[in-house]
$ cat run-v3.cif   # mmCIF, C-alpha atoms
data_protein
#
loop_
_atom_site.label_atom_id
_atom_site.label_comp_id
_atom_site.auth_asym_id
_atom_site.auth_seq_id
_atom_site.Cartn_x
_atom_site.Cartn_y
_atom_site.Cartn_z
CA MET O 907 35.85 -59.27 -71.96
CA ASN O 908 33.31 -60.60 -69.57
CA LEU O 909 32.06 -57.51 -67.72
CA THR O 910 29.69 -59.49 -65.56
CA ARG O 911 32.67 -61.12 -63.87
CA ILE O 912 34.83 -57.94 -63.58
CA PHE O 913 32.17 -55.60 -62.00
CA PRO O 914 31.51 -57.62 -58.79
CA ALA O 915 35.24 -57.98 -58.25
CA PHE O 916 35.68 -54.21 -58.58
CA ILE O 917 33.03 -53.54 -55.95
CA LEU O 918 34.62 -56.02 -53.55
CA VAL O 919 38.04 -54.34 -53.89
CA ALA O 920 36.54 -50.92 -53.35
CA LEU O 921 34.83 -52.03 -50.16
CA ILE O 922 38.05 -53.57 -48.83
CA LEU O 923 40.06 -50.44 -49.58
CA GLY O 924 37.39 -48.25 -48.05
CA CYS O 925 37.43 -50.17 -44.79
CA GLU O 926 41.19 -50.13 -44.61
CA SER O 927 41.35 -46.35 -45.20
CA ASP O 928 38.82 -45.46 -42.30
CA ASN O 929 40.85 -46.04 -39.15
CA SER O 930 39.19 -43.18 -37.01
CA GLU O 931 37.33 -43.93 -33.69
CA PRO O 932 33.52 -43.52 -33.59
CA ILE O 933 32.32 -40.24 -32.03
CA ASP O 934 31.36 -40.57 -28.32
CA PRO O 935 28.01 -38.84 -27.91
CA LYS O 936 28.92 -37.95 -24.27
CA GLU O 937 31.68 -35.66 -25.55
CA GLU O 938 29.12 -33.63 -27.51
CA THR O 939 27.27 -32.30 -24.40
CA ASN O 940 28.12 -28.73 -23.46
CA LEU O 941 26.37 -27.81 -20.21
CA GLU O 942 26.70 -24.10 -20.94
CA GLU O 943 24.26 -24.66 -23.79
CA ALA O 944 21.73 -25.89 -21.20
CA MET O 945 21.63 -22.59 -19.30
CA LEU O 946 18.32 -20.73 -19.15
CA THR O 947 18.37 -17.05 -20.05
CA ASP O 948 14.64 -16.48 -19.52
CA PHE O 949 11.63 -18.01 -17.79
CA PRO O 950 8.48 -16.79 -19.54
CA LEU O 951 5.12 -17.80 -18.09
CA LYS O 952 2.01 -18.72 -20.00
CA GLU O 953 -0.56 -17.22 -17.61
CA ILE O 954 0.93 -13.78 -16.94
CA GLU O 955 3.85 -11.57 -17.95
CA TYR O 956 6.39 -11.03 -15.22
CA LEU O 957 7.55 -7.57 -14.13
CA ASP O 958 11.14 -8.55 -13.46
CA ILE O 959 13.39 -11.60 -13.45
CA ASN O 960 16.69 -12.24 -11.71
CA ILE O 961 18.67 -15.28 -12.92
CA THR O 962 21.76 -16.55 -11.10
CA GLN O 963 23.49 -19.09 -13.33
CA PRO O 964 25.03 -22.28 -11.93
CA LYS O 965 28.83 -22.28 -11.92
CA ILE O 966 30.24 -24.72 -14.47
CA GLU O 967 33.86 -25.93 -14.57
CA ASN O 968 35.21 -28.69 -16.81
CA ASN O 969 31.69 -29.17 -18.11
CA GLU O 970 30.39 -30.02 -14.60
CA ALA O 971 27.86 -27.97 -12.57
CA LEU O 972 29.39 -27.02 -9.21
CA ASN O 973 26.19 -25.53 -7.76
CA GLU O 974 22.55 -24.86 -8.58
CA GLY O 975 21.18 -21.80 -10.30
CA GLU O 976 18.41 -19.58 -9.00
CA ILE O 977 15.57 -17.72 -10.70
CA ILE O 978 13.49 -15.08 -8.88
CA ILE O 979 10.45 -13.88 -10.83
CA THR O 980 8.51 -10.75 -9.81
CA LEU O 981 4.84 -10.92 -10.76
CA PRO O 982 2.29 -8.07 -10.75
CA HIS O 983 -0.13 -7.77 -7.82
CA THR O 984 -2.95 -8.77 -10.18
CA VAL O 985 -1.80 -12.42 -10.28
CA THR O 986 -4.67 -14.58 -9.08
CA SER O 987 -3.03 -17.99 -8.66
CA PRO O 988 0.44 -19.46 -8.02
CA LEU O 989 -0.35 -22.27 -10.48
CA LEU O 990 1.85 -21.22 -13.40
CA THR O 991 3.30 -22.74 -16.55
CA LEU O 992 6.77 -22.41 -18.05
CA LYS O 993 5.89 -21.23 -21.56
CA SER O 994 9.16 -21.84 -23.44
CA VAL O 995 12.94 -22.17 -23.06
CA ASN O 996 15.90 -20.88 -25.05
CA ILE O 997 17.68 -24.26 -25.12
CA ASP O 998 17.50 -27.02 -27.76
CA LEU O 999 14.83 -29.47 -26.61
CA ASP O 1000 16.10 -32.00 -29.15
CA ARG O 1001 19.26 -32.26 -27.07
CA PHE O 1002 18.03 -31.54 -23.53
CA ASN O 1003 15.15 -32.61 -21.33
CA VAL O 1004 13.50 -30.15 -18.92
CA PHE O 1005 11.71 -31.34 -15.79
CA PRO O 1006 9.09 -30.24 -14.90
CA SER O 1007 8.38 -30.11 -18.59
CA VAL O 1008 7.73 -27.00 -20.63
CA GLY O 1009 3.96 -26.46 -20.87
CA ILE O 1010 3.21 -28.28 -17.58
CA GLN O 1011 1.50 -26.25 -14.82
CA GLU O 1012 3.34 -26.12 -11.50
CA LEU O 1013 2.52 -24.71 -8.05
CA PHE O 1014 5.01 -21.92 -7.32
CA SER O 1015 5.60 -20.23 -3.98
CA THR O 1016 6.83 -16.95 -2.53
CA THR O 1017 8.63 -18.80 0.29
CA ASP O 1018 9.73 -22.18 -1.08
CA PHE O 1019 11.66 -22.96 -4.26
CA THR O 1020 10.47 -25.13 -7.12
CA LYS O 1021 13.37 -27.06 -8.68
CA TYR O 1022 13.79 -27.35 -12.47
CA THR O 1023 16.31 -29.87 -13.85
CA ILE O 1024 17.84 -29.77 -17.35
CA THR O 1025 19.44 -33.04 -18.47
CA SER O 1026 21.38 -33.97 -21.58
CA LYS O 1027 19.58 -36.53 -23.74
CA SER O 1028 22.88 -38.07 -24.82
CA ASP O 1029 24.39 -38.22 -21.33
CA VAL O 1030 21.95 -38.33 -18.42
CA GLU O 1031 24.78 -37.64 -15.98
CA LYS O 1032 25.15 -34.19 -17.46
CA GLU O 1033 22.56 -31.92 -15.80
CA ILE O 1034 22.06 -28.55 -14.19
CA HIS O 1035 19.41 -27.29 -11.77
CA TYR O 1036 17.51 -24.04 -11.23
CA ASN O 1037 15.59 -23.19 -8.06
CA VAL O 1038 12.65 -21.00 -8.99
CA LYS O 1039 10.60 -18.73 -6.71
CA ILE O 1040 8.05 -15.97 -7.31
CA VAL O 1041 7.66 -12.55 -5.70
CA ILE O 1042 4.34 -10.70 -5.76
CA ALA O 1043 4.73 -6.96 -6.33
CA PRO O 1044 2.89 -4.75 -3.81
CA THR O 1045 -0.35 -3.11 -4.78
CA PRO O 1046 0.33 0.37 -6.16
CA GLU O 1047 -0.35 3.10 -3.62
CA GLU O 1048 -2.93 4.74 -5.83
CA GLU O 1049 -4.99 1.52 -5.75
CA ARG O 1050 -4.67 0.82 -2.03
CA LEU O 1051 -7.50 2.10 0.15
CA PHE O 1052 -6.83 2.63 3.85
CA ILE O 1053 -6.94 5.04 6.77
CA SER O 1054 -3.40 6.20 7.57
CA SER O 1055 -4.19 8.52 10.49
CA PHE O 1056 -7.28 8.69 12.69
CA GLU O 1057 -7.44 11.26 15.48
CA LEU O 1058 -10.49 11.75 17.69
CA LEU O 1059 -11.02 15.05 19.48
CA ALA O 1060 -13.51 15.18 22.35
CA ASN O 1061 -15.28 18.37 23.41
CA ASP O 1062 -12.99 18.75 26.46
CA ASN O 1063 -9.98 18.75 24.09
CA SER O 1064 -9.04 15.20 25.02
CA ALA O 1065 -7.53 13.49 21.99
CA PHE O 1066 -7.00 9.95 20.80
CA THR O 1067 -4.34 9.48 18.11
CA ASP O 1068 -3.19 5.84 18.22
CA ILE O 1069 -4.66 3.63 15.50
CA ASN O 1070 -2.33 0.68 15.95
CA LEU O 1071 -5.24 -1.55 16.96
CA ILE O 1072 -7.05 -2.46 13.75
CA LYS O 1073 -8.45 -5.93 13.20
CA GLU O 1074 -10.58 -7.76 10.69
CA ALA O 1075 -14.25 -7.22 11.43
CA ARG O 1076 -16.78 -9.97 11.82
CA PRO O 1077 -19.09 -10.31 8.76
CA SER O 1078 -22.13 -9.43 10.87
CA LEU O 1079 -20.77 -5.89 11.34
CA ARG O 1080 -21.11 -5.07 7.62
CA ALA O 1081 -17.55 -3.71 7.68
CA ASP O 1082 -14.10 -4.87 6.60
CA SER O 1083 -12.07 -3.73 9.60
CA LEU O 1084 -12.66 -2.79 13.19
CA LEU O 1085 -10.69 0.25 14.39
CA ILE O 1086 -10.43 0.40 18.19
CA CYS O 1087 -10.03 3.79 19.91
CA LEU O 1088 -9.67 3.85 23.70
CA PHE O 1089 -9.33 7.22 25.44
CA SER O 1090 -7.25 7.35 28.61
CA LYS O 1091 -10.25 8.75 30.47
CA THR O 1092 -14.03 9.00 30.17
CA VAL O 1093 -15.19 11.60 27.64
CA ASP O 1094 -18.48 12.71 26.13
CA PHE O 1095 -18.86 9.97 23.52
CA SER O 1096 -21.79 11.80 21.90
CA ASP O 1097 -19.63 14.71 20.74
CA ILE O 1098 -16.39 13.55 19.09
CA THR O 1099 -14.80 15.01 15.96
CA PRO O 1100 -12.58 12.74 13.85
CA ALA O 1101 -9.56 14.12 11.97
CA ILE O 1102 -8.59 11.61 9.30
CA LYS O 1103 -5.86 11.03 6.74
CA TYR O 1104 -6.51 8.30 4.19
CA ASN O 1105 -5.41 6.83 0.88
CA GLY O 1106 -8.18 6.82 -1.70
CA SER O 1107 -10.33 9.19 -3.72
CA LYS O 1108 -13.07 9.95 -1.21
CA ILE O 1109 -14.21 9.24 2.33
CA GLN O 1110 -17.75 8.88 3.63
CA TYR O 1111 -19.37 7.95 6.94
CA ARG O 1112 -22.65 6.62 8.28
CA VAL O 1113 -24.32 6.22 11.64
CA ASN O 1114 -26.40 3.10 12.46
CA ASP O 1115 -26.10 1.53 8.99
CA GLU O 1116 -27.85 4.46 7.29
CA ASP O 1117 -26.79 5.75 3.86
CA PHE O 1118 -23.20 6.92 3.57
CA GLU O 1119 -22.57 10.66 3.25
CA ASP O 1120 -19.43 12.62 2.49
CA TYR O 1121 -17.23 13.46 5.46
CA PRO O 1122 -15.74 17.00 5.46
CA ILE O 1123 -12.05 16.26 5.89
CA GLU O 1124 -10.95 19.89 5.92
CA THR O 1125 -13.25 21.05 8.71
CA GLY O 1126 -14.17 17.80 10.46
CA LYS O 1127 -17.60 17.09 11.92
CA SER O 1128 -18.87 16.11 15.35
CA ILE O 1129 -20.32 12.58 15.40
CA ASP O 1130 -22.35 10.86 18.10
CA PHE O 1131 -20.38 7.71 18.97
CA LYS O 1132 -22.42 7.06 22.13
CA TYR O 1133 -23.74 3.53 22.52
CA PRO O 1134 -25.87 2.07 20.96
CA ASN O 1135 -24.82 4.09 17.90
CA THR O 1136 -22.49 2.46 15.39
CA VAL O 1137 -20.23 4.60 13.19
CA ASP O 1138 -18.59 3.44 9.94
CA PHE O 1139 -16.15 5.18 7.58
CA LYS O 1140 -15.77 4.10 3.95
CA ILE O 1141 -12.79 4.82 1.68
CA SER O 1142 -13.50 4.52 -2.08
CA ASN O 1143 -11.58 4.81 -5.33
CA ALA O 1144 -12.43 7.34 -8.04
CA MET O 1145 -14.75 4.98 -9.94
CA ASP O 1146 -16.54 3.73 -6.79
CA SER O 1147 -15.65 0.24 -7.98
CA LYS O 1148 -13.62 -0.56 -4.88
CA SER O 1149 -14.00 0.42 -1.24
CA VAL O 1150 -13.06 -0.55 2.32
CA THR O 1151 -15.21 0.09 5.38
CA TYR O 1152 -14.02 0.63 8.95
CA ARG O 1153 -16.30 0.35 11.98
CA ILE O 1154 -15.05 2.61 14.75
CA MET O 1155 -15.20 1.35 18.34
CA VAL O 1156 -14.73 4.19 20.88
CA ASP O 1157 -14.39 3.69 24.64
CA THR O 1158 -12.22 4.50 27.64
CA GLN O 1159 -9.38 2.31 28.87
CA HIS O 1160 -11.00 2.30 32.36
CA PRO O 1161 -14.74 1.60 31.94
CA ILE O 1162 -15.34 0.33 35.51
CA SER O 1163 -15.48 2.93 38.27
CA PHE O 1164 -15.67 1.81 41.92
CA THR O 1165 -17.28 4.02 44.55
CA VAL O 1166 -14.53 2.89 46.92
CA GLN O 1167 -11.05 1.65 46.07
CA GLU O 1168 -10.69 -0.15 49.39
CA LEU O 1169 -13.51 -2.26 50.81
CA LEU O 1170 -13.21 -2.98 54.52
CA ILE O 1171 -15.28 -5.92 55.77
CA PRO O 1172 -16.44 -5.79 59.43
CA ASP O 1173 -14.38 -7.90 61.85
CA LEU O 1174 -15.33 -11.57 61.92
CA ASN O 1175 -14.99 -14.10 64.72
CA LEU O 1176 -12.80 -17.12 64.13
CA GLY O 1177 -14.79 -19.75 62.25
CA ASP O 1178 -17.49 -17.34 61.03
CA THR O 1179 -18.59 -17.02 57.40
CA TYR O 1180 -19.71 -13.83 55.68
CA THR O 1181 -22.01 -12.96 52.78
CA GLY O 1182 -22.05 -9.30 51.86
CA ALA O 1183 -24.53 -8.67 49.06
CA GLY O 1184 -24.39 -5.13 47.73
CA VAL O 1185 -21.78 -3.91 50.20
CA ALA O 1186 -20.70 -1.29 47.65
CA THR O 1187 -21.46 -0.19 44.10
CA TRP O 1188 -19.64 0.22 40.82
CA THR O 1189 -20.51 2.30 37.75
CA ASN O 1190 -20.10 1.74 34.03
CA ALA O 1191 -18.03 4.79 33.07
CA GLY O 1192 -17.43 3.51 29.55
CA ASN O 1193 -19.33 3.47 26.28
CA TYR O 1194 -20.49 -0.17 26.07
CA PRO O 1195 -22.48 -2.54 28.31
CA ILE O 1196 -20.54 -4.52 30.92
CA SER O 1197 -21.47 -8.03 31.99
CA ALA O 1198 -21.45 -9.39 35.53
CA MET O 1199 -18.02 -10.71 36.40
CA SER O 1200 -15.65 -12.13 38.95
CA PRO O 1201 -11.99 -11.14 39.32
CA ASN O 1202 -9.60 -12.91 36.98
CA GLU O 1203 -7.07 -13.10 39.79
CA TYR O 1204 -6.25 -11.83 43.27
CA THR O 1205 -2.91 -10.13 43.79
CA ASN O 1206 -1.01 -8.73 46.77
CA VAL O 1207 -2.55 -11.39 49.03
CA ILE O 1208 -1.75 -10.95 52.73
CA THR O 1209 -2.57 -13.59 55.37
CA PRO O 1210 -1.59 -13.86 59.06
CA ALA O 1211 0.60 -16.90 58.44
CA THR O 1212 2.58 -18.49 55.63
CA GLY O 1213 0.72 -21.13 53.63
CA LEU O 1214 -2.78 -19.66 54.12
CA ASP O 1215 -4.87 -18.95 51.04
CA ASN O 1216 -6.85 -15.84 50.21
CA ILE O 1217 -10.29 -15.99 51.84
CA LEU O 1218 -11.84 -12.85 50.27
CA MET O 1219 -14.01 -13.47 47.19
CA ALA O 1220 -15.75 -10.68 45.28
CA THR O 1221 -18.14 -10.39 42.33
CA LEU O 1222 -19.59 -7.53 40.32
CA SER O 1223 -23.30 -8.14 39.89
CA VAL O 1224 -26.00 -6.61 37.72
CA SER O 1225 -29.70 -6.40 38.36
CA GLU O 1226 -31.92 -9.15 36.96
CA GLY O 1227 -29.01 -10.83 35.21
CA ARG O 1228 -28.68 -8.23 32.47
CA ASN O 1229 -25.71 -6.05 31.53
CA VAL O 1230 -24.88 -2.71 33.13
CA ASP O 1231 -25.30 -0.09 30.40
CA PRO O 1232 -23.13 3.04 30.21
CA GLY O 1233 -23.90 5.35 33.12
CA GLU O 1234 -25.67 2.65 35.13
CA SER O 1235 -24.44 1.03 38.33
CA GLY O 1236 -24.13 -2.48 39.69
CA THR O 1237 -23.32 -3.89 43.11
CA ILE O 1238 -20.26 -5.50 44.67
CA ASN O 1239 -20.73 -8.73 46.58
CA VAL O 1240 -18.16 -10.22 48.96
CA VAL O 1241 -18.20 -13.78 50.31
CA ILE O 1242 -15.95 -15.29 53.02
CA THR O 1243 -16.45 -19.00 53.71
CA ASN O 1244 -13.29 -19.85 55.58
CA THR O 1245 -11.69 -18.01 58.52
CA PRO O 1246 -8.95 -20.43 59.57
CA GLN O 1247 -6.77 -18.22 61.76
CA VAL O 1248 -6.91 -14.97 63.74
CA GLY O 1249 -5.32 -12.00 62.00
CA GLN O 1250 -5.66 -9.63 59.04
CA TYR O 1251 -6.40 -10.76 55.48
CA GLU O 1252 -6.00 -8.58 52.40
CA ALA O 1253 -6.22 -9.06 48.64
CA ILE O 1254 -6.58 -6.95 45.52
CA ALA O 1255 -9.20 -8.12 43.00
CA LEU O 1256 -8.01 -7.70 39.41
CA PHE O 1257 -10.53 -7.62 36.54
CA ASP O 1258 -9.02 -8.38 33.15
CA LEU O 1259 -11.38 -6.83 30.60
CA ASN O 1260 -11.98 -8.07 27.05
CA PHE O 1261 -14.53 -7.19 24.36
CA ASP O 1262 -17.23 -9.52 23.08
CA GLU O 1263 -17.58 -8.69 19.37
CA ASN O 1264 -20.62 -10.94 19.05
CA LEU O 1265 -22.72 -9.31 21.80
CA TRP O 1266 -20.88 -5.95 21.65
CA ARG O 1267 -20.15 -5.73 25.38
CA ILE O 1268 -17.27 -5.83 27.87
CA VAL O 1269 -16.58 -9.15 29.58
CA ASN O 1270 -13.77 -10.79 31.53
CA SER O 1271 -14.08 -14.14 29.78
CA PRO O 1272 -11.02 -15.73 28.15
CA MET O 1273 -10.36 -14.73 24.55
CA ASP O 1274 -11.81 -16.85 21.76
CA ASP O 1275 -13.14 -16.33 18.22
CA PHE O 1276 -15.62 -13.74 19.46
CA ILE O 1277 -13.79 -12.22 22.45
CA SER O 1278 -10.70 -10.06 21.92
CA ASP O 1279 -8.22 -8.03 23.92
CA PHE O 1280 -8.91 -4.42 22.97
CA ASP O 1281 -6.17 -3.00 25.20
CA TYR O 1282 -8.34 -2.22 28.21
CA ARG O 1283 -6.01 -1.54 31.10
CA ASP O 1284 -5.62 -4.14 33.87
CA SER O 1285 -6.09 -1.43 36.47
CA GLU O 1286 -9.69 -2.03 37.50
CA LEU O 1287 -8.62 -2.92 41.02
CA LEU O 1288 -10.58 -3.37 44.24
CA LYS O 1289 -8.74 -3.80 47.52
CA LEU O 1290 -10.45 -6.10 50.07
CA LYS O 1291 -9.60 -6.27 53.79
CA VAL O 1292 -10.95 -8.18 56.78
CA THR O 1293 -9.72 -8.91 60.32
CA ILE O 1294 -10.51 -12.22 62.02
CA ILE O 1295 -10.72 -11.96 65.81
CA ASP O 1296 -10.93 -14.58 68.58
#
$ encode --input "run-v3.cif" --output "structure tokens"
Amino acid sequence: MNLTRIFPAFILVALILGCESDNSEPIDPKEETNLEEAMLTDFPLKEIEYLDINITQPKIENNEALNEGEIIITLPHTVTSPLLTLKSVNIDLDRFNVFPSVGIQELFSTTDFTKYTITSKSDVEKEIHYNVKIVIAPTPEEERLFISSFELLANDNSAFTDINLIKEARPSLRADSLLICLFSKTVDFSDITPAIKYNGSKIQYRVNDEDFEDYPIETGKSIDFKYPNTVDFKISNAMDSKSVTYRIMVDTQHPISFTVQELLIPDLNLGDTYTGAGVATWTNAGNYPISAMSPNEYTNVITPATGLDNILMATLSVSEGRNVDPGESGTINVVITNTPQVGQYEAIALFDLNFDENLWRIVNSPMDDFISDFDYRDSELLKLKVTIID
């Protein structure tokens, strides 16, 4: 028997029979994708361990995602940058793509979501999405340093208790925050005792940038806040490795005192002008210098006829162009350049006071980077009256 002729024939028959016996359809790779296997159950980060994670899974029906998932990650307060990296995923990366990719640094936000998309490698139409956002945990109370209550007691038993006005201090002040305290009246600024509650391990104070010394919280201590003194309080942690410093600004809400509340100008003839230099005086009843100034506006204007403008103009002047220091006085000047009609004219001059943190004085200039509204009351009023006769 010739085996060399039989063997090839046998192989050919076997191949034919094998093909005829395999009548099944080839497997469709799209049918192999199960979107539930693409769900994330964790979101570990390379740079820092999270404190908590909240994952809302996308809803899947008939192997289709009906909505997008959401991941909220709570990070410790020690996190230094929102640039973070997804460290790993629980899904099979041989079967699914993740974008942005695992191991790629992304900029996360506490307000906006960063979208992650997971797509099947065998069927790109099969995908789910997660919107990811971070939350920064608050600093633990034991590590936060701040003044929680600051009461000032003057020697006449007047008290200031409102510390709502705290702002970031300018670097030149050698302090972190500026705490503004305005009494409702003038007090002896050289004899004020603070009563303080604070969060921290110890509290110290200094006057005029001298060395800090411990402040006796239990008993309190009288401090001279009178200008030009500066007073700072410092709150520190137990190791003295961290501290915050407050500079205390103390004044009255009404630093300008007029010798008269109503200034009556002598009668003028129709057409006359008037220049009254030093017709009255004013005194700095506050704790900081006050610059020369004009009224910010005139209110309650009365004229003898409709359509006439206010004719009374006033200024607060200082001698030799300098400021008026606490306890000193300046003069009031009144100018009238137009007397258009016979009758009585009245107006109230309103001085809107602000504080110049650069020159450490009271001004009525508009607010800017150096000038702030420290809650001085808009009640520094001066009533002006004149009668024009024929």
$ resolve_selection --input "run-v3.cif" --expression "the PyMOL selection byres ((chain O and resi 1145) around 12)" --output "PDB file with C-alpha atoms, in the coordinates of the input"
ATOM      1  CA  GLU O1049      -4.990   1.520  -5.750  1.00  0.00           C
ATOM      2  CA  GLY O1106      -8.180   6.820  -1.700  1.00  0.00           C
ATOM      3  CA  SER O1107     -10.330   9.190  -3.720  1.00  0.00           C
ATOM      4  CA  LYS O1108     -13.070   9.950  -1.210  1.00  0.00           C
ATOM      5  CA  ILE O1141     -12.790   4.820   1.680  1.00  0.00           C
ATOM      6  CA  SER O1142     -13.500   4.520  -2.080  1.00  0.00           C
ATOM      7  CA  ASN O1143     -11.580   4.810  -5.330  1.00  0.00           C
ATOM      8  CA  ALA O1144     -12.430   7.340  -8.040  1.00  0.00           C
ATOM      9  CA  ASP O1146     -16.540   3.730  -6.790  1.00  0.00           C
ATOM     10  CA  SER O1147     -15.650   0.240  -7.980  1.00  0.00           C
ATOM     11  CA  LYS O1148     -13.620  -0.560  -4.880  1.00  0.00           C
ATOM     12  CA  SER O1149     -14.000   0.420  -1.240  1.00  0.00           C
TER      13      SER O1149
END
$ resolve_selection --input "run-v3.cif" --expression "the PyMOL selection byres ((chain O and resi 1241) around 7)" --output "ChimeraX atom specification"
/O:1180-1182,1218-1220,1239-1240,1242-1243
$ resolve_selection --input "run-v3.cif" --expression "the PyMOL selection byres ((chain O and resi 1171) around 6)" --output "list in words"
Leu1170, Pro1172 and Val1292 of chain O
$ write_last_selection --input "run-v3.cif" --atoms "C-alpha atoms" --output "CSV table (one decimal), in the coordinates of the input"
chain,number,residue,atom,x,y,z
O,1170,LEU,CA,-13.2,-3.0,54.5
O,1172,PRO,CA,-16.4,-5.8,59.4
O,1292,VAL,CA,-11.0,-8.2,56.8
$ closest_residue --input "run-v3.cif" --among "O:Asn1037, O:Ser1128, O:Thr1136, O:Gln1247" --to "Glu1116 in chain O" --atoms "all atoms listed in the file"
O:Thr1136
$ closest_residue --input "run-v3.cif" --among "O:Leu1085, O:Ala1191, O:Ile979, O:Met945" --to "Ile1034 in chain O" --atoms "only C-alpha atoms"
O:Met945
$ atom_distance --input "run-v3.cif" --atom1 "CA of Val1008 in chain O" --atom2 "CA of Val1030 in chain O"
18.3 Å
$ atom_distance --input "run-v3.cif" --atom1 "CA of Ile1294 in chain O" --atom2 "CA of Met1199 in chain O"
26.7 Å
$ residues_around --input "run-v3.cif" --residues "His1160 in chain O" --least-positions-apart "2" --cutoff "12 Å" --atoms "all atoms listed in the file" --output "ChimeraX atom specification"
/O:1088-1093,1157-1158,1162-1164,1189-1194,1196,1257-1260,1268,1280-1287
$ write_last_selection --input "run-v3.cif" --atoms "C-alpha atoms" --output "CSV table (one decimal), keeping the file's coordinate frame"
chain,number,residue,atom,x,y,z
O,1088,LEU,CA,-9.7,3.8,23.7
O,1089,PHE,CA,-9.3,7.2,25.4
O,1090,SER,CA,-7.2,7.4,28.6
O,1091,LYS,CA,-10.2,8.8,30.5
O,1092,THR,CA,-14.0,9.0,30.2
O,1093,VAL,CA,-15.2,11.6,27.6
O,1157,ASP,CA,-14.4,3.7,24.6
O,1158,THR,CA,-12.2,4.5,27.6
O,1162,ILE,CA,-15.3,0.3,35.5
O,1163,SER,CA,-15.5,2.9,38.3
O,1164,PHE,CA,-15.7,1.8,41.9
O,1189,THR,CA,-20.5,2.3,37.8
O,1190,ASN,CA,-20.1,1.7,34.0
O,1191,ALA,CA,-18.0,4.8,33.1
O,1192,GLY,CA,-17.4,3.5,29.6
O,1193,ASN,CA,-19.3,3.5,26.3
O,1194,TYR,CA,-20.5,-0.2,26.1
O,1196,ILE,CA,-20.5,-4.5,30.9
O,1257,PHE,CA,-10.5,-7.6,36.5
O,1258,ASP,CA,-9.0,-8.4,33.2
O,1259,LEU,CA,-11.4,-6.8,30.6
O,1260,ASN,CA,-12.0,-8.1,27.0
O,1268,ILE,CA,-17.3,-5.8,27.9
O,1280,PHE,CA,-8.9,-4.4,23.0
O,1281,ASP,CA,-6.2,-3.0,25.2
O,1282,TYR,CA,-8.3,-2.2,28.2
O,1283,ARG,CA,-6.0,-1.5,31.1
O,1284,ASP,CA,-5.6,-4.1,33.9
O,1285,SER,CA,-6.1,-1.4,36.5
O,1286,GLU,CA,-9.7,-2.0,37.5
O,1287,LEU,CA,-8.6,-2.9,41.0
$ closest_residue --input "run-v3.cif" --among "O:Ala1065, O:Val1166, O:Met1273, O:Ile1254" --to "Leu1290 in chain O" --atoms "all atoms listed in the file"
O:Ile1254
$ atom_distance --input "run-v3.cif" --atom1 "CA of Asn969 in chain O" --atom2 "CA of Thr939 in chain O"
8.3 Å
$ closest_residue --input "run-v3.cif" --among "O:Tyr956, O:Tyr1121, O:Trp1266, O:Tyr1036" --to "Ala971 in chain O" --atoms "all atoms listed in the file"
O:Tyr1036
$ residues_around --input "run-v3.cif" --residues "range 962-968 of chain O" --least-positions-apart "2" --cutoff "9 Å" --atoms "only C-alpha atoms" --output "list in words"
Leu941, Glu942, Met945, Leu946, Thr947, Asn960, Glu970, Ala971, Leu972, Asn973, Glu974, Gly975, Glu976, Ile977, Ile978, Ile1034, His1035 and Tyr1036 of chain O
$ residues_around --input "run-v3.cif" --residues "range 1073-1084 of chain O" --least-positions-apart "4" --cutoff "10 Å" --atoms "only C-alpha atoms" --output "MDAnalysis selection string"
chainID O and resid 1115 1136 1138:1140 1149:1155 1263:1264 1275:1276 1278 1280
$ closest_residue --input "run-v3.cif" --among "O:Ile961, O:Val1004, O:Leu1265, O:Val1156" --to "Leu1058 in chain O" --atoms "only C-alpha atoms"
O:Val1156
$ closest_residue --input "run-v3.cif" --among "O:Asp1296, O:Val1041, O:Glu955, O:Ile997" --to "Ile1024 in chain O" --atoms "all atoms listed in the file"
O:Ile997
$ axis_aligned_box --input "run-v3.cif" --around "range 1052-1058 of chain O" --padding-each-side "4 Å" --output "lines of an AutoDock Vina configuration file"
center_x = -6.9
center_y = 7.2
center_z = 10.8
size_x = 15.1
size_y = 17.1
size_z = 21.8
